[in-house]
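One file, query-v2.cif, is given below (mmCIF, C-alpha atoms).
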data_data
loop_
_atom_site.label_atom_id
_atom_site.label_comp_id
_atom_site.auth_asym_id
_atom_site.auth_seq_id
_atom_site.Cartn_x
_atom_site.Cartn_y
_atom_site.Cartn_z
CA MET M 1 26.77 39.52 11.71
CA ALA M 2 25.35 39.38 8.21
CA ASP M 3 25.42 42.54 6.11
CA PHE M 4 22.02 43.65 4.83
CA SER M 5 23.11 47.11 3.70
CA TRP M 6 22.30 46.10 0.12
CA ILE M 7 18.57 46.22 0.95
CA PRO M 8 17.33 49.78 0.28
CA PHE M 9 14.87 50.14 3.13
CA GLY M 10 12.33 52.96 2.97
CA ARG M 11 12.19 55.99 5.21
CA GLY M 12 12.50 55.10 8.89
CA VAL M 13 12.46 51.32 8.34
CA ARG M 14 15.05 49.51 10.45
CA LEU M 15 16.24 45.96 10.94
CA LEU M 16 15.23 44.38 14.25
CA ALA M 17 16.49 40.79 13.99
CA SER M 18 17.82 38.23 11.54
CA HIS M 19 18.30 34.48 11.33
CA PRO M 20 21.06 32.67 9.39
CA ALA M 21 18.40 30.81 7.39
CA GLY M 22 17.48 34.10 5.73
CA LEU M 23 14.61 35.31 7.92
CA LEU M 24 14.48 39.02 8.80
CA ALA M 25 12.31 41.15 11.06
CA VAL M 26 12.02 44.87 10.38
CA GLU M 27 10.23 47.75 12.07
CA LYS M 28 7.77 49.59 9.82
CA PRO M 29 6.96 53.15 10.88
CA GLU M 30 3.45 54.56 10.71
CA GLY M 31 2.64 55.88 7.23
CA ILE M 32 4.90 53.47 5.33
CA LEU M 33 3.38 51.01 2.83
CA ALA M 34 4.29 47.34 3.21
CA HIS M 35 4.39 47.22 -0.60
CA PRO M 36 3.34 49.56 -3.44
CA ASN M 37 -0.34 49.66 -4.27
CA HIS M 38 -1.24 47.75 -7.41
CA GLY M 39 -0.73 49.87 -10.50
CA GLU M 40 0.71 52.81 -8.58
CA ALA M 41 4.33 53.94 -8.65
CA GLY M 42 4.09 55.96 -5.43
CA ASP M 43 6.88 57.45 -3.38
CA ARG M 44 9.65 54.84 -3.15
CA GLU M 45 10.82 56.19 0.20
CA SER M 46 7.30 55.70 1.59
CA THR M 47 7.44 51.96 0.84
CA LEU M 48 9.04 49.32 3.05
CA ILE M 49 11.76 48.62 0.48
CA GLN M 50 12.74 50.84 -2.43
CA GLY M 51 12.63 48.27 -5.19
CA ASN M 52 10.37 46.81 -7.86
CA TYR M 53 7.67 44.70 -6.27
CA SER M 54 6.09 41.61 -7.84
CA MET M 55 2.50 41.03 -6.70
CA GLU M 56 2.65 37.50 -8.09
CA GLU M 57 5.83 36.54 -6.20
CA GLU M 58 5.08 38.80 -3.22
CA ALA M 59 8.71 39.87 -3.38
CA PHE M 60 10.84 42.94 -3.93
CA HIS M 61 13.43 42.67 -6.71
CA ILE M 62 16.68 44.31 -5.64
CA ARG M 63 19.78 44.88 -7.79
CA ASP M 64 22.82 43.47 -6.00
CA GLY M 65 25.31 45.93 -7.52
CA VAL M 66 27.14 43.33 -9.61
CA GLY M 67 24.60 42.81 -12.35
CA GLY M 68 22.27 40.43 -10.55
CA ILE M 69 18.80 40.60 -8.99
CA ARG M 70 18.02 39.38 -5.48
CA ARG M 71 14.55 38.79 -4.11
CA VAL M 72 13.30 39.84 -0.70
CA TYR M 73 10.00 38.11 0.09
CA LEU M 74 7.32 39.91 2.11
CA LEU M 75 5.80 37.42 4.57
CA ASN M 76 3.03 39.45 6.21
CA ARG M 77 1.48 42.90 5.98
CA LEU M 78 0.46 45.84 8.11
CA ASP M 79 -1.85 48.66 7.08
CA SER M 80 0.01 51.84 6.20
CA PRO M 81 -1.21 53.62 9.41
CA THR M 82 -0.10 50.70 11.62
CA SER M 83 3.49 50.51 12.85
CA GLY M 84 5.54 47.58 14.09
CA VAL M 85 7.08 44.23 13.20
CA LEU M 86 7.06 42.84 9.65
CA LEU M 87 8.81 39.67 8.49
CA LEU M 88 10.89 39.18 5.33
CA SER M 89 12.75 36.23 3.82
CA LEU M 90 15.68 35.95 1.43
CA ASP M 91 14.81 32.32 0.64
CA ALA M 92 11.78 31.39 -1.48
CA GLY M 93 11.22 28.04 0.23
CA LEU M 94 11.45 29.51 3.70
CA ALA M 95 9.09 32.28 2.61
CA ASP M 96 6.48 29.70 1.59
CA ALA M 97 6.90 27.81 4.86
CA VAL M 98 6.42 30.92 7.01
CA LYS M 99 3.47 32.18 4.95
CA ASP M 100 1.88 28.78 5.50
CA LEU M 101 2.24 29.31 9.26
CA PHE M 102 0.54 32.70 8.94
CA ALA M 103 -2.28 31.13 6.89
CA LYS M 104 -2.79 28.47 9.59
CA SER M 105 -2.70 31.09 12.40
CA LYS M 106 0.42 29.51 13.89
CA VAL M 107 2.39 32.76 14.24
CA ALA M 108 2.09 34.56 17.60
CA LYS M 109 1.40 38.24 16.93
CA LYS M 110 0.92 40.77 19.71
CA TYR M 111 -0.25 44.35 19.32
CA VAL M 112 -0.84 47.33 21.56
CA ALA M 113 -3.53 49.92 20.92
CA ILE M 114 -4.83 53.06 22.58
CA VAL M 115 -8.62 53.07 22.54
CA LYS M 116 -11.59 55.15 23.60
CA GLY M 117 -12.68 54.70 27.22
CA ARG M 118 -10.95 54.37 30.57
CA GLY M 119 -12.06 50.79 31.16
CA LEU M 120 -13.69 47.72 29.64
CA ARG M 121 -16.68 45.78 30.96
CA GLN M 122 -14.39 42.75 31.19
CA PRO M 123 -10.66 43.60 31.55
CA ARG M 124 -9.68 40.55 29.53
CA GLY M 125 -11.41 38.11 27.25
CA THR M 126 -11.91 36.95 23.67
CA TRP M 127 -13.72 38.68 20.84
CA GLN M 128 -15.24 36.30 18.32
CA ASP M 129 -16.93 37.85 15.30
CA GLN M 130 -17.76 37.17 11.68
CA LEU M 131 -16.18 39.65 9.27
CA VAL M 132 -17.16 40.41 5.70
CA LYS M 133 -15.24 42.50 3.18
CA SER M 134 -16.66 45.05 0.79
CA LYS M 135 -15.48 47.93 -1.38
CA GLY M 136 -15.33 51.26 0.36
CA PRO M 137 -15.27 54.79 -1.06
CA GLY M 138 -12.59 55.13 -3.71
CA GLY M 139 -12.45 51.41 -4.31
CA GLY M 140 -10.57 50.53 -1.13
CA VAL M 141 -11.31 47.42 0.90
CA ARG M 142 -13.53 47.74 3.97
CA SER M 143 -14.38 45.12 6.58
CA GLY M 144 -17.30 44.87 8.95
CA THR M 145 -18.95 42.47 11.36
CA SER M 146 -21.94 40.47 10.17
CA PRO M 147 -24.37 38.32 12.18
CA GLY M 148 -25.29 36.43 9.03
CA GLY M 149 -21.99 34.76 8.25
CA GLY M 150 -18.54 35.69 7.10
CA ALA M 151 -14.98 34.79 7.98
CA PRO M 152 -14.38 34.07 11.68
CA ALA M 153 -12.25 36.66 13.48
CA VAL M 154 -10.84 35.80 16.91
CA THR M 155 -8.86 38.19 19.10
CA LEU M 156 -7.67 37.89 22.70
CA TYR M 157 -7.72 41.25 24.45
CA GLN M 158 -6.41 42.54 27.76
CA TRP M 159 -6.85 45.95 29.36
CA GLU M 160 -3.47 47.20 30.54
CA LYS M 161 -4.09 50.65 32.01
CA ALA M 162 -6.05 53.88 31.80
CA ALA M 163 -4.41 57.11 30.68
CA ALA M 164 -3.62 59.88 33.13
CA GLU M 165 -6.67 61.87 34.25
CA PRO M 166 -8.79 63.19 32.65
CA LEU M 167 -7.94 61.52 29.32
CA PRO M 168 -10.70 59.04 28.32
CA LEU M 169 -8.21 56.50 26.96
CA SER M 170 -6.95 53.01 27.70
CA LEU M 171 -4.02 50.91 26.56
CA LEU M 172 -4.98 47.43 25.33
CA LYS M 173 -2.92 44.37 24.48
CA LEU M 174 -4.36 42.50 21.50
CA GLU M 175 -3.50 39.02 20.24
CA PRO M 176 -5.24 38.18 16.96
CA ARG M 177 -5.68 34.45 16.47
CA THR M 178 -6.91 34.97 12.92
CA GLY M 179 -5.65 37.34 10.23
CA ARG M 180 -8.65 39.08 8.68
CA THR M 181 -8.47 42.40 6.85
CA HIS M 182 -8.51 45.28 9.37
CA GLN M 183 -9.50 42.76 12.05
CA LEU M 184 -8.28 44.64 15.12
CA ARG M 185 -9.57 47.99 13.94
CA VAL M 186 -13.04 46.58 13.21
CA GLN M 187 -13.35 44.51 16.39
CA THR M 188 -12.24 47.24 18.79
CA ALA M 189 -14.74 49.64 17.20
CA ASP M 190 -17.56 47.08 17.11
CA HIS M 191 -17.05 46.28 20.80
CA GLY M 192 -17.30 49.93 21.80
CA HIS M 193 -13.64 50.93 22.04
CA PRO M 194 -12.46 52.35 18.69
CA ILE M 195 -8.75 52.94 18.28
CA LEU M 196 -7.61 56.52 18.67
CA GLY M 197 -6.82 58.06 15.30
CA ASP M 198 -8.65 55.47 13.18
CA ARG M 199 -10.04 57.47 10.26
CA THR M 200 -11.93 54.54 8.76
CA TYR M 201 -13.55 52.67 11.64
CA GLY M 202 -13.06 55.08 14.52
CA ASP M 203 -15.11 57.73 16.30
CA PHE M 204 -14.41 60.80 14.18
CA GLU M 205 -15.56 63.40 16.72
CA PHE M 206 -13.55 61.66 19.41
CA ASN M 207 -10.47 61.64 17.18
CA LYS M 208 -10.90 65.36 16.66
CA THR M 209 -11.44 66.37 20.28
CA VAL M 210 -8.96 64.00 21.90
CA GLY M 211 -6.50 63.29 19.10
CA SER M 212 -6.18 66.25 16.76
CA ALA M 213 -6.69 68.76 19.58
CA ARG M 214 -3.62 67.32 21.31
CA GLY M 215 -1.59 67.13 18.11
CA PHE M 216 -1.88 63.36 17.61
CA LYS M 217 -2.33 62.47 13.94
CA ARG M 218 -1.50 58.77 13.75
CA LEU M 219 -3.47 55.54 14.21
CA PHE M 220 -2.56 54.24 17.68
CA LEU M 221 -2.08 50.60 16.73
CA HIS M 222 1.36 48.98 16.92
CA ALA M 223 2.52 45.42 16.13
CA PHE M 224 4.65 44.92 19.22
CA SER M 225 6.00 41.40 18.74
CA THR M 226 6.00 38.41 16.42
CA GLU M 227 7.16 34.89 17.25
CA LEU M 228 7.16 31.62 15.30
CA GLU M 229 8.50 28.08 15.34
CA LEU M 230 8.87 25.62 12.47
CA GLU M 231 11.05 22.80 11.24
CA TRP M 232 13.33 23.94 8.45
CA GLN M 233 15.71 21.64 6.58
CA GLY M 234 15.42 19.04 9.31
CA GLN M 235 16.17 21.45 12.15
CA PRO M 236 13.90 23.43 14.52
CA LEU M 237 13.84 27.15 13.75
CA THR M 238 12.60 29.60 16.37
CA PHE M 239 12.43 33.29 15.54
CA SER M 240 11.01 36.28 17.36
CA ALA M 241 11.37 40.04 17.45
CA THR M 242 9.94 43.04 19.28
CA SER M 243 9.42 46.64 18.25
CA PRO M 244 9.38 49.11 21.17
CA ILE M 245 6.19 51.08 21.75
CA PRO M 246 6.47 54.39 19.82
CA ALA M 247 6.99 57.65 21.69
CA GLU M 248 3.58 58.94 20.56
CA PHE M 249 1.90 56.25 22.68
CA HIS M 250 3.68 57.50 25.80
CA ALA M 251 2.62 61.06 25.02
CA ALA M 252 -0.99 60.10 24.34
CA MET M 253 -1.27 58.25 27.66
CA GLY M 254 -0.19 61.43 29.43
CA GLY M 255 2.02 59.79 32.04
CA GLN M 256 1.98 56.56 33.97
CA GLY M 257 -1.78 56.26 34.42
CA GLU M 258 -3.35 53.30 36.22
CA GLY M 259 -2.82 49.67 35.40
CA THR M 260 -0.45 46.73 35.48
CA THR M 261 3.18 46.94 36.45
CA ALA M 262 5.06 45.88 33.36
CA LYS M 263 8.07 46.43 31.19
CA VAL M 264 8.88 47.20 27.57
CA ARG M 265 11.83 45.38 26.09
CA LYS M 266 14.58 47.21 24.30
CA PRO M 267 14.78 46.80 20.51
CA THR M 268 16.54 43.72 19.17
CA THR M 269 20.11 44.10 18.02
CA PRO M 270 20.31 43.18 14.32
CA GLY M 271 21.64 39.68 13.88
CA THR M 272 20.08 38.30 17.04
CA VAL M 273 17.02 36.25 17.84
CA ILE M 274 15.09 36.73 21.07
CA SER M 275 12.07 35.21 22.77
CA PRO M 276 10.04 38.15 24.10
CA ARG M 277 7.38 38.10 26.75
CA LEU M 278 4.98 40.93 26.22
CA ARG M 279 4.94 43.04 29.35
CA ILE M 280 3.98 46.66 28.98
CA ARG M 281 4.54 49.83 30.89
CA LEU M 282 3.96 53.36 29.66
#

Can the structure from this file be put into structure tokens for me?
Amino acid sequence: MADFSWIPFGRGVRLLASHPAGLLAVEKPEGILAHPNHGEAGDRESTLIQGNYSMEEEAFHIRDGVGGIRRVYLLNRLDSPTSGVLLLSLDAGLADAVKDLFAKSKVAKKYVAIVKGRGLRQPRGTWQDQLVKSKGPGGGVRSGTSPGGGAPAVTLYQWEKAAAEPLPLSLLKLEPRTGRTHQLRVQTADHGHPILGDRTYGDFEFNKTVGSARGFKRLFLHAFSTELELEWQGQPLTFSATSPIPAEFHAAMGGQGEGTTAKVRKPTTPGTVISPRLRIRL
């Protein structure tokens, strides 16, 4: 098994899987930045990797302990409040190849979310919207749906189960087929089922009465699995990893609830590659 102890991961970040070609999957906890904000030093422990980050290269620069610098390339991103799988690469060429897959929506990403409401009008289907970006308060980026044009956002959704009575919550499985800014958070809210704990696009009174009142402070959105295939150096490369559903999701659902019979996979042992099938049970 390869040794990645030289990578100074941030607080709570852990390795899920690795590939000999130099591809890594890590689990990012809620509240950890994928990379430092532009122009801000920030708390190094609250960033995915404690190292200097180049916005131009999209890579962390890490001292190797013998006078050299190694680069760890960040291949995708999650909002700070979102937890789950992130991909990294130790090879610049492989990094470009995988980022190209993300740009072409050829990476299978699966999320779980806890949302407002005990059911959906249709238990499964596809959301297709047009999203536009704008500057929000404080200069941050905001997204919203627009009937008059914008970037297409496509998400497959599936209702999994309702929370235990009387909690007005449901667990959804979400598969984004595009990668727009805040896509899942905007679409769930726009289609009447905002994510519990979303302080930007959510139902603020609902968050207070259902979330804060029960001691839940996080955004209930989790990147459960990521899977990709490509040809690399003349050989097929398949890579996938899962991040178990966080304990807070189990607590928020208040027990077994109603829904599908399913199963959550155990976390990947570092150094292995798996092919997960997303089946969920809380």

Write out as a tab-separated table a residue-level contact list of region 148-232 of chain M versus region 98-108 of chain M with cut-off 6 Å: for each qualifying residue the closest pair of atoms and the distance in Å to one decimal, counting only C-alpha atoms, rows sorted by chain and residue number upward.
residue	atom	partner	partner_atom	distance
M:Thr178	CA	M:Ser105	CA	5.7
M:Thr226	CA	M:Ala108	CA	5.6
M:Glu227	CA	M:Ala108	CA	5.1
M:Leu228	CA	M:Val107	CA	5.0

On this structure, which residues satisfy the PyMOL selection byres ((chain M and resi 246) around 12), written as a PyMOL selection string?
chain M and resi 27-30+82-84+112-114+218-224+242-245+247-253+264+266-267+282

Return as an mmCIF file with C-alpha atoms, in the frame of the given file the set of residues that the PyMOL selection byres ((chain M and resi 239) around 7) yields on the displayed structure.
data_model
loop_
_atom_site.group_PDB
_atom_site.id
_atom_site.type_symbol
_atom_site.label_atom_id
_atom_site.label_comp_id
_atom_site.auth_asym_id
_atom_site.auth_seq_id
_atom_site.Cartn_x
_atom_site.Cartn_y
_atom_site.Cartn_z
ATOM 1 C CA GLU M 227 7.160 34.890 17.250
ATOM 2 C CA LEU M 228 7.160 31.620 15.300
ATOM 3 C CA GLU M 229 8.500 28.080 15.340
ATOM 4 C CA LEU M 237 13.840 27.150 13.750
ATOM 5 C CA THR M 238 12.600 29.600 16.370
ATOM 6 C CA SER M 240 11.010 36.280 17.360
ATOM 7 C CA VAL M 273 17.020 36.250 17.840
#

CA of Asn207 (chain M) to CA of Gly31 (chain M), straight-line distance in Å:
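It comes out at 17.4 Å.
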
In file coordinates, which residues lie within 8 Å of (10.0, 37.7, 2.6) using all atoms listed in the file, given as a ChimeraX atom specification?
/M:23-24,58-59,72-75,87-92,95

Once the PyMOL selection byres ((chain M and resi 32) around 12) has been applied to the shown file, what residues remain in the selection, as a PyMOL selection string?
chain M and resi 9-13+27-31+33-37+42-50+77-84+86+218

Can you report as AutoDock Vina command-line options the centre and edge lengths in Å, to one decimal, of an axis-aligned box around the listed atoms of region 41-59 of chain M padded with 3 Å on each side?
--center_x 7.6 --center_y 47.0 --center_z -2.8 --size_x 16.2 --size_y 26.9 --size_z 17.7

Shortest interatomic distance to Tyr53 (chain M) - which of M:Arg121, M:Gly254, M:Ser134, M:Arg70, counting all atoms listed in the file:
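With all atoms listed in the file as the atom set, the closest residue is M:Arg70.
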
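For the pair CA of Gly192 (chain M) and CA of Ser225 (chain M), the separation is 25.0 Å.
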